[in-house]
file run_3.tsv (TSV, C-alpha atoms)
chain	number	residue	atom	x	y	z
A	255	MET	CA	98.40	96.02	97.57
A	256	ARG	CA	95.82	95.22	94.94
A	257	LYS	CA	96.39	93.86	91.47
A	258	TYR	CA	95.74	95.97	88.39
A	259	HIS	CA	96.36	94.35	84.99
A	260	GLY	CA	99.48	92.65	86.33
A	261	ALA	CA	100.73	95.73	88.17
A	262	PHE	CA	100.26	96.52	91.87
A	263	ILE	CA	98.47	99.47	93.42
A	264	LYS	CA	100.06	100.37	96.77
A	265	ASN	CA	98.48	102.06	99.75
A	266	GLU	CA	100.07	104.97	101.61
A	267	ASP	CA	101.85	102.73	104.11
A	268	GLU	CA	103.38	100.61	101.37
A	269	ILE	CA	104.50	103.67	99.44
A	270	SER	CA	106.08	105.06	102.61
A	271	ARG	CA	108.18	101.91	102.95
A	272	ILE	CA	109.29	102.14	99.33
A	273	ARG	CA	110.13	105.79	99.94
A	274	GLU	CA	112.32	104.83	102.90
A	275	ALA	CA	114.10	102.16	100.84
A	276	ASP	CA	114.69	104.79	98.18
A	277	ARG	CA	115.90	107.38	100.69
A	278	LEU	CA	118.56	104.99	101.93
A	279	THR	CA	119.49	104.08	98.36
A	280	ALA	CA	119.85	107.77	97.49
A	281	ASN	CA	121.98	108.37	100.60
A	282	ILE	CA	124.32	105.60	99.48
A	283	LEU	CA	124.54	107.10	95.99
A	284	ASP	CA	125.37	110.49	97.56
A	285	ALA	CA	128.22	108.87	99.50
A	286	ILE	CA	129.46	107.09	96.38
A	287	GLY	CA	129.49	110.38	94.49
A	288	ASP	CA	131.63	111.85	97.26
A	289	ILE	CA	134.40	109.27	96.76
A	290	VAL	CA	134.45	109.03	92.96
A	291	LYS	CA	137.82	110.34	91.76
A	292	PRO	CA	140.75	109.25	89.61
A	293	GLY	CA	142.48	106.20	91.08
A	294	LEU	CA	139.39	104.82	92.83
A	295	LYS	CA	138.86	101.12	92.15
A	296	THR	CA	135.30	100.25	91.24
A	297	ARG	CA	135.32	97.47	93.85
A	298	GLN	CA	135.66	100.23	96.47
A	299	ILE	CA	132.27	101.56	95.36
A	300	ASN	CA	130.78	98.15	96.09
A	301	GLU	CA	132.55	97.99	99.46
A	302	LEU	CA	131.15	101.36	100.51
A	303	ALA	CA	127.65	100.31	99.47
A	304	MET	CA	127.93	97.08	101.45
A	305	ASP	CA	129.24	98.93	104.52
A	306	MET	CA	126.36	101.42	104.41
A	307	CYS	CA	123.79	98.65	103.98
A	308	ARG	CA	125.17	97.04	107.14
A	309	ASP	CA	124.99	100.38	108.95
A	310	TYR	CA	121.40	100.89	107.80
A	311	LYS	CA	120.56	97.24	108.59
A	312	VAL	CA	119.12	96.67	105.12
A	313	LYS	CA	119.85	94.18	102.39
A	314	PRO	CA	121.38	95.24	99.06
A	315	ALA	CA	118.65	94.46	96.53
A	316	PHE	CA	121.00	93.51	93.69
A	317	LEU	CA	123.22	91.06	95.58
A	318	GLY	CA	122.19	87.56	94.49
A	319	TYR	CA	119.32	88.83	92.31
A	320	GLY	CA	119.26	86.49	89.34
A	321	GLY	CA	122.74	85.42	90.39
A	322	TYR	CA	124.23	88.93	90.27
A	323	PRO	CA	127.28	88.81	92.60
A	324	TYR	CA	127.57	92.44	93.83
A	325	ALA	CA	125.60	95.12	95.67
A	326	VAL	CA	126.00	97.71	92.93
A	327	CYS	CA	126.50	97.91	89.19
A	328	THR	CA	129.47	100.06	88.13
A	329	SER	CA	129.40	100.73	84.38
A	330	VAL	CA	132.33	102.76	83.07
A	331	ASN	CA	132.34	104.76	79.82
A	332	GLU	CA	131.07	102.43	77.05
A	333	ALA	CA	129.45	100.06	79.57
A	334	VAL	CA	125.71	100.81	79.65
A	335	VAL	CA	124.46	98.77	82.62
A	336	HIS	CA	125.26	95.85	84.94
A	337	GLY	CA	129.01	96.44	85.05
A	338	PHE	CA	130.90	94.37	87.64
A	339	PRO	CA	132.88	96.17	90.36
A	340	SER	CA	136.52	95.14	90.02
A	341	GLU	CA	140.14	96.17	90.45
A	342	ARG	CA	139.72	98.61	87.59
A	343	GLU	CA	140.91	102.09	88.54
A	344	LEU	CA	138.89	105.05	87.37
A	345	LEU	CA	140.86	107.49	85.24
A	346	GLU	CA	140.65	111.25	84.89
A	347	GLY	CA	137.92	112.02	82.34
A	348	ASP	CA	136.02	108.73	82.76
A	349	ILE	CA	132.34	108.57	83.63
A	350	VAL	CA	130.88	105.82	85.82
A	351	SER	CA	127.21	104.86	86.08
A	352	VAL	CA	126.26	103.40	89.45
A	353	ASP	CA	122.97	101.51	89.88
A	354	MET	CA	121.95	100.67	93.44
A	355	GLY	CA	118.99	99.30	95.39
A	356	VAL	CA	118.14	98.20	98.92
A	357	ILE	CA	115.38	96.18	100.54
A	358	PHE	CA	113.71	97.86	103.52
A	359	ASP	CA	110.89	96.15	105.41
A	360	GLY	CA	110.12	93.95	102.42
A	361	PHE	CA	110.11	96.73	99.80
A	362	VAL	CA	112.71	97.71	97.22
A	363	GLY	CA	114.27	101.08	96.46
A	364	ASP	CA	116.07	101.50	93.12
A	365	SER	CA	118.02	104.43	91.68
A	366	ALA	CA	121.01	105.16	89.45
A	367	ARG	CA	123.33	108.06	88.64
A	368	THR	CA	126.28	108.71	86.37
A	369	PHE	CA	129.26	110.45	87.95
A	370	PRO	CA	132.15	112.33	86.29
A	371	VAL	CA	135.65	111.27	87.26
A	372	GLY	CA	137.61	114.49	87.66
A	373	GLN	CA	137.36	116.81	84.67
A	374	VAL	CA	135.47	115.29	81.75
A	375	SER	CA	135.09	116.28	78.10
A	376	GLU	CA	132.34	118.48	76.71
A	377	LYS	CA	130.87	115.41	74.97
A	378	ALA	CA	130.70	113.53	78.26
A	379	ARG	CA	129.17	116.55	80.02
A	380	HIS	CA	126.54	116.84	77.30
A	381	LEU	CA	125.76	113.11	77.50
A	382	MET	CA	125.30	113.18	81.26
A	383	ARG	CA	123.25	116.36	81.27
A	384	ILE	CA	120.85	115.28	78.53
A	385	THR	CA	120.40	111.83	80.06
A	386	GLU	CA	119.51	113.26	83.44
A	387	GLU	CA	117.25	115.91	81.93
A	388	SER	CA	115.48	113.24	79.86
A	389	LEU	CA	114.69	111.39	83.09
A	390	TYR	CA	112.79	114.42	84.40
A	391	VAL	CA	111.06	114.85	81.03
A	392	GLY	CA	109.85	111.26	81.38
A	393	ILE	CA	108.81	111.74	84.99
A	394	GLU	CA	106.47	114.56	83.91
A	395	GLN	CA	104.45	111.97	81.97
A	396	ALA	CA	104.07	109.63	84.98
A	397	ARG	CA	100.52	110.71	85.80
A	398	ASP	CA	97.22	109.03	86.54
A	399	GLY	CA	95.41	108.28	83.27
A	400	HIS	CA	98.50	108.51	81.05
A	401	ASP	CA	99.68	105.58	78.93
A	402	VAL	CA	102.95	104.31	80.41
A	403	HIS	CA	104.43	104.46	76.90
A	404	ALA	CA	104.07	108.26	76.95
A	405	ILE	CA	107.06	108.27	79.29
A	406	GLY	CA	109.37	106.66	76.77
A	407	ALA	CA	108.07	108.72	73.86
A	408	ALA	CA	108.90	111.92	75.75
A	409	ILE	CA	112.34	110.64	76.78
A	410	GLU	CA	113.34	109.56	73.27
A	411	ALA	CA	112.09	112.78	71.66
A	412	TYR	CA	114.18	114.86	74.07
A	413	VAL	CA	117.28	112.68	73.65
A	414	ARG	CA	117.09	112.66	69.84
A	415	ALA	CA	116.50	116.41	69.72
A	416	ASN	CA	119.84	116.78	71.52
A	417	GLY	CA	121.78	114.55	69.13
A	418	LEU	CA	121.97	111.41	71.28
A	419	HIS	CA	120.43	107.92	71.22
A	420	VAL	CA	118.36	105.76	73.59
A	421	VAL	CA	119.33	102.16	74.34
A	422	LYS	CA	116.33	99.95	73.57
A	423	GLN	CA	117.45	96.57	74.94
A	424	TYR	CA	116.73	97.64	78.52
A	425	VAL	CA	113.70	99.37	80.04
A	426	GLY	CA	112.37	100.69	83.33
A	427	HIS	CA	109.89	98.73	85.40
A	428	GLY	CA	107.43	98.63	88.22
A	429	VAL	CA	108.99	98.41	91.67
A	430	GLY	CA	107.63	97.30	95.04
A	431	LYS	CA	108.05	94.03	96.90
A	432	SER	CA	110.01	92.87	93.86
A	433	MET	CA	112.66	94.86	92.06
A	434	HIS	CA	111.10	94.17	88.67
A	435	GLU	CA	107.32	94.32	88.59
A	436	SER	CA	104.83	95.11	85.86
A	437	PRO	CA	104.62	97.34	83.91
A	438	ALA	CA	107.67	97.57	81.69
A	439	VAL	CA	108.55	101.25	81.23
A	440	PRO	CA	110.29	101.77	77.86
A	441	ASN	CA	112.61	104.75	77.41
A	442	PHE	CA	111.60	105.06	73.75
A	443	LYS	CA	108.54	105.50	71.58
A	444	THR	CA	106.55	102.38	70.73
A	445	ASN	CA	103.65	101.85	68.35
A	446	LYS	CA	101.74	99.83	70.94
A	447	LYS	CA	99.34	100.90	73.65
A	448	GLY	CA	100.70	100.40	77.15
A	449	LEU	CA	99.17	100.10	80.58
A	450	ILE	CA	97.23	103.15	81.76
A	451	LEU	CA	98.91	104.52	84.87
A	452	LYS	CA	96.86	104.69	88.06
A	453	ASN	CA	97.36	106.45	91.39
A	454	GLY	CA	99.21	104.18	93.80
A	455	MET	CA	101.48	102.61	91.18
A	456	THR	CA	105.23	102.81	91.75
A	457	ILE	CA	107.64	102.62	88.83
A	458	ALA	CA	111.34	103.06	88.14
A	459	ILE	CA	112.17	105.24	85.14
A	460	GLU	CA	115.75	104.83	83.89
A	461	PRO	CA	116.90	106.22	80.55
A	462	MET	CA	120.16	104.79	79.21
A	463	VAL	CA	121.59	107.08	76.54
A	464	THR	CA	124.57	106.84	74.19
A	465	ILE	CA	126.65	109.22	72.11
A	466	GLY	CA	126.82	106.74	69.23
A	467	CYS	CA	125.20	103.44	68.33
A	468	PRO	CA	122.69	102.40	71.01
A	469	ASP	CA	123.04	98.67	70.32
A	470	VAL	CA	124.80	96.62	72.99
A	471	TYR	CA	126.45	93.25	73.53
A	472	LEU	CA	127.33	91.34	76.70
A	473	LEU	CA	130.87	90.83	77.94
A	474	PRO	CA	131.98	87.28	78.86
A	475	ASP	CA	130.83	87.83	82.46
A	476	GLY	CA	127.27	87.49	81.08
A	477	TRP	CA	126.11	90.73	82.68
A	478	THR	CA	128.01	93.82	81.54
A	479	ALA	CA	126.29	95.43	78.55
A	480	VAL	CA	128.63	97.45	76.32
A	481	THR	CA	127.85	99.58	73.26
A	482	THR	CA	128.76	97.81	70.01
A	483	ASP	CA	130.79	100.81	68.78
A	484	HIS	CA	132.24	101.51	72.24
A	485	SER	CA	130.64	104.95	72.34
A	486	TRP	CA	130.02	106.23	75.85
A	487	SER	CA	126.76	105.83	77.73
A	488	ALA	CA	125.06	107.44	80.74
A	489	HIS	CA	122.28	106.15	83.00
A	490	PHE	CA	120.01	107.93	85.48
A	491	GLU	CA	117.09	106.43	87.40
A	492	HIS	CA	114.45	107.48	89.92
A	493	SER	CA	111.68	105.50	91.56
A	494	ILE	CA	108.33	107.30	91.20
A	495	ALA	CA	104.89	107.08	92.81
A	496	ILE	CA	101.82	108.01	90.75
A	497	THR	CA	99.71	110.28	92.98
A	498	PRO	CA	96.65	112.55	92.64
A	499	LYS	CA	99.04	115.51	92.84
A	500	GLY	CA	101.22	114.20	90.03
A	501	PRO	CA	104.43	112.17	89.93
A	502	GLN	CA	106.28	111.98	93.24
A	503	ILE	CA	109.99	111.15	93.20
A	504	LEU	CA	110.73	108.65	95.97
A	505	SER	CA	114.51	108.31	95.60
A	506	ILE	CA	115.43	111.54	97.40
A	507	SER	CA	118.37	111.55	99.80
A	508	ASP	CA	118.71	113.44	103.06
A	509	ARG	CA	120.53	116.13	101.08
A	510	GLY	CA	117.39	116.74	99.06
A	511	LEU	CA	116.61	116.43	95.38
A	512	ASN	CA	119.50	118.03	93.54
A	513	ARG	CA	120.62	117.51	89.99
A	514	HIS	CA	123.69	115.30	90.10
A	515	THR	CA	125.54	116.08	86.90
A	516	ILE	CA	128.21	118.69	86.68
A	517	ALA	CA	127.40	122.21	85.48
A	518	PRO	CA	126.00	122.65	81.97
A	519	GLU	CA	128.34	123.27	79.06
A	520	GLY	CA	129.69	126.75	78.53

call {"tool": "encode", "arguments": {"input": "run_3.tsv", "output": "structure tokens"}}
result
Amino acid sequence: MRKYHGAFIKNEDEISRIREADRLTANILDAIGDIVKPGLKTRQINELAMDMCRDYKVKPAFLGYGGYPYAVCTSVNEAVVHGFPSERELLEGDIVSVDMGVIFDGFVGDSARTFPVGQVSEKARHLMRITEESLYVGIEQARDGHDVHAIGAAIEAYVRANGLHVVKQYVGHGVGKSMHESPAVPNFKTNKKGLILKNGMTIAIEPMVTIGCPDVYLLPDGWTAVTTDHSWSAHFEHSIAITPKGPQILSISDRGLNRHTIAPEG
């Protein structure tokens, strides 16, 4: 790796190791999606993730990071990010955002998805669909020579055009040997110039979108971020490599790159 204005440019071998970390992360998210249903306790999501990390012989990237006590974040309904797995049972119509990462051969993979629990409302479907679509809108801007802030401007414009709101307290980030590297990758428009993206950079893009007020507060656990008006939130994330051929999504499972929300409205 070589340093570039605080960020790191990776070579092909380093990107391949990040890709493998992301593949395993995406496989775990696939398996989690398979078990999400009414009556599932969110701690069972964490248990599955831990079991699969043991099977893959990798370390869960979140466990112990900054003192975080679990392998995954499970954020239900109005929880935006960093929700603790617990004895809480998922209910029909809930949505649950699951953020997951692993460390493979010294490099981190990081990805997140929001899953429906049984049949969900049209509002929840719309929220999930637009959030996931906004991620791909942002990915399109992740190109050599682009300002990193172009990603967030594109995401916010798409989200607002569809009647929803972007959370601004949390942003995406560079990813590599550390889970949070430079540059910060906002999901919203800023009036500042950001870092110019270069081939070989790897970043995690992760829009967090709400139906109502995008402001959040922390629960007493010091981690779980909840919307101030308790409106629901969705979260999708991919790790991306900047390449001469354009943005390359690294967090692809063995099942391939498929959209993970339920069918569009209508």

call {"tool": "residues_around", "arguments": {"input": "run_3.tsv", "residues": "A:Gly417", "least_positions_apart": "6", "cutoff": "10 Å", "atoms": "only C-alpha atoms", "output": "ChimeraX atom specification"}}
result
/A:380-381,384,464-466

call {"tool": "residues_around", "arguments": {"input": "run_3.tsv", "residues": "A:Val480", "least_positions_apart": "3", "cutoff": "8 Å", "atoms": "only C-alpha atoms", "output": "MDAnalysis selection string"}}
result
chainID A and resid 332:335 470:473 484

call {"tool": "atom_distance", "arguments": {"input": "run_3.tsv", "atom1": "atom CA of A:Ala280", "atom2": "atom CA of A:Ser505"}}
result
5.7 Å

call {"tool": "residues_around", "arguments": {"input": "run_3.tsv", "residues": "stretch 314-318 of chain A", "least_positions_apart": "5", "cutoff": "6 Å", "atoms": "only C-alpha atoms", "output": "list in words"}}
result
Pro323, Tyr324, Ala325, Gly355, Val356 and Ile357 of chain A

call {"tool": "closest_residue", "arguments": {"input": "run_3.tsv", "among": "A:Arg414, A:Ala261, A:Met455, A:Tyr310", "to": "A:Arg277", "atoms": "all atoms listed in the file"}}
result
A:Tyr310

call {"tool": "closest_residue", "arguments": {"input": "run_3.tsv", "among": "A:Val330, A:Leu294, A:Leu302, A:Phe338", "to": "A:Trp477", "atoms": "only C-alpha atoms"}}
result
A:Phe338

call {"tool": "residues_around", "arguments": {"input": "run_3.tsv", "residues": "A:Val421", "least_positions_apart": "2", "cutoff": "12 Å", "atoms": "only C-alpha atoms", "output": "PyMOL selection string"}}
result
chain A and resi 333-335+385+406+409-410+413-414+418-419+423-426+440-443+460-471+479-482+485-489

call {"tool": "residues_around", "arguments": {"input": "run_3.tsv", "residues": "A:Asp401", "least_positions_apart": "6", "cutoff": "7 Å", "atoms": "all atoms listed in the file", "output": "list in words"}}
result
Gly448, Leu449, Ile450 and Leu451 of chain A

call {"tool": "build_atoms", "arguments": {"input": "run_3.tsv", "residues": "stretch 355-381 of chain A", "atoms": "N, CA and C atoms", "output": "CSV table (one decimal), in the coordinates of the input"}}
result
chain,number,residue,atom,x,y,z
A,355,GLY,N,120.3,99.5,94.8
A,355,GLY,CA,119.0,99.3,95.4
A,355,GLY,C,119.1,98.6,96.7
A,356,VAL,N,118.2,98.9,97.6
A,356,VAL,CA,118.1,98.2,98.9
A,356,VAL,C,116.7,97.7,99.2
A,357,ILE,N,116.7,96.7,100.1
A,357,ILE,CA,115.4,96.2,100.5
A,357,ILE,C,115.2,96.6,102.0
A,358,PHE,N,114.1,97.4,102.2
A,358,PHE,CA,113.7,97.9,103.5
A,358,PHE,C,112.3,97.4,103.8
A,359,ASP,N,112.2,96.6,104.9
A,359,ASP,CA,110.9,96.2,105.4
A,359,ASP,C,110.1,95.5,104.3
A,360,GLY,N,110.8,94.7,103.5
A,360,GLY,CA,110.1,94.0,102.4
A,360,GLY,C,109.9,94.7,101.1
A,361,PHE,N,110.3,96.0,101.0
A,361,PHE,CA,110.1,96.7,99.8
A,361,PHE,C,111.4,97.2,99.2
A,362,VAL,N,111.5,97.4,97.9
A,362,VAL,CA,112.7,97.7,97.2
A,362,VAL,C,112.8,99.2,96.8
A,363,GLY,N,114.0,99.8,97.0
A,363,GLY,CA,114.3,101.1,96.5
A,363,GLY,C,115.3,100.9,95.3
A,364,ASP,N,115.2,101.7,94.3
A,364,ASP,CA,116.1,101.5,93.1
A,364,ASP,C,116.4,102.8,92.5
A,365,SER,N,117.6,103.2,92.3
A,365,SER,CA,118.0,104.4,91.7
A,365,SER,C,119.4,104.3,91.1
A,366,ALA,N,119.7,105.2,90.1
A,366,ALA,CA,121.0,105.2,89.4
A,366,ALA,C,121.4,106.6,89.1
A,367,ARG,N,122.8,106.8,89.1
A,367,ARG,CA,123.3,108.1,88.6
A,367,ARG,C,124.6,107.8,87.9
A,368,THR,N,125.0,108.7,87.0
A,368,THR,CA,126.3,108.7,86.4
A,368,THR,C,127.1,109.8,86.9
A,369,PHE,N,128.3,109.5,87.3
A,369,PHE,CA,129.3,110.4,88.0
A,369,PHE,C,130.5,110.8,87.0
A,370,PRO,N,130.9,112.0,87.0
A,370,PRO,CA,132.2,112.3,86.3
A,370,PRO,C,133.3,112.0,87.2
A,371,VAL,N,134.4,111.6,86.5
A,371,VAL,CA,135.6,111.3,87.3
A,371,VAL,C,136.6,112.4,87.0
A,372,GLY,N,136.8,113.3,87.9
A,372,GLY,CA,137.6,114.5,87.7
A,372,GLY,C,137.0,115.4,86.6
A,373,GLN,N,137.8,116.0,85.8
A,373,GLN,CA,137.4,116.8,84.7
A,373,GLN,C,137.1,116.0,83.5
A,374,VAL,N,135.9,116.1,82.9
A,374,VAL,CA,135.5,115.3,81.8
A,374,VAL,C,135.3,116.2,80.5
A,375,SER,N,135.2,115.6,79.4
A,375,SER,CA,135.1,116.3,78.1
A,375,SER,C,133.7,116.9,78.0
A,376,GLU,N,133.6,117.9,77.0
A,376,GLU,CA,132.3,118.5,76.7
A,376,GLU,C,131.3,117.4,76.2
A,377,LYS,N,131.8,116.5,75.4
A,377,LYS,CA,130.9,115.4,75.0
A,377,LYS,C,130.3,114.6,76.1
A,378,ALA,N,131.2,114.3,77.1
A,378,ALA,CA,130.7,113.5,78.3
A,378,ALA,C,129.7,114.4,79.1
A,379,ARG,N,130.1,115.7,79.3
A,379,ARG,CA,129.2,116.6,80.0
A,379,ARG,C,127.8,116.6,79.4
A,380,HIS,N,127.8,116.8,78.0
A,380,HIS,CA,126.5,116.8,77.3
A,380,HIS,C,125.7,115.5,77.5
A,381,LEU,N,126.4,114.4,77.3
A,381,LEU,CA,125.8,113.1,77.5
A,381,LEU,C,125.1,113.0,78.9
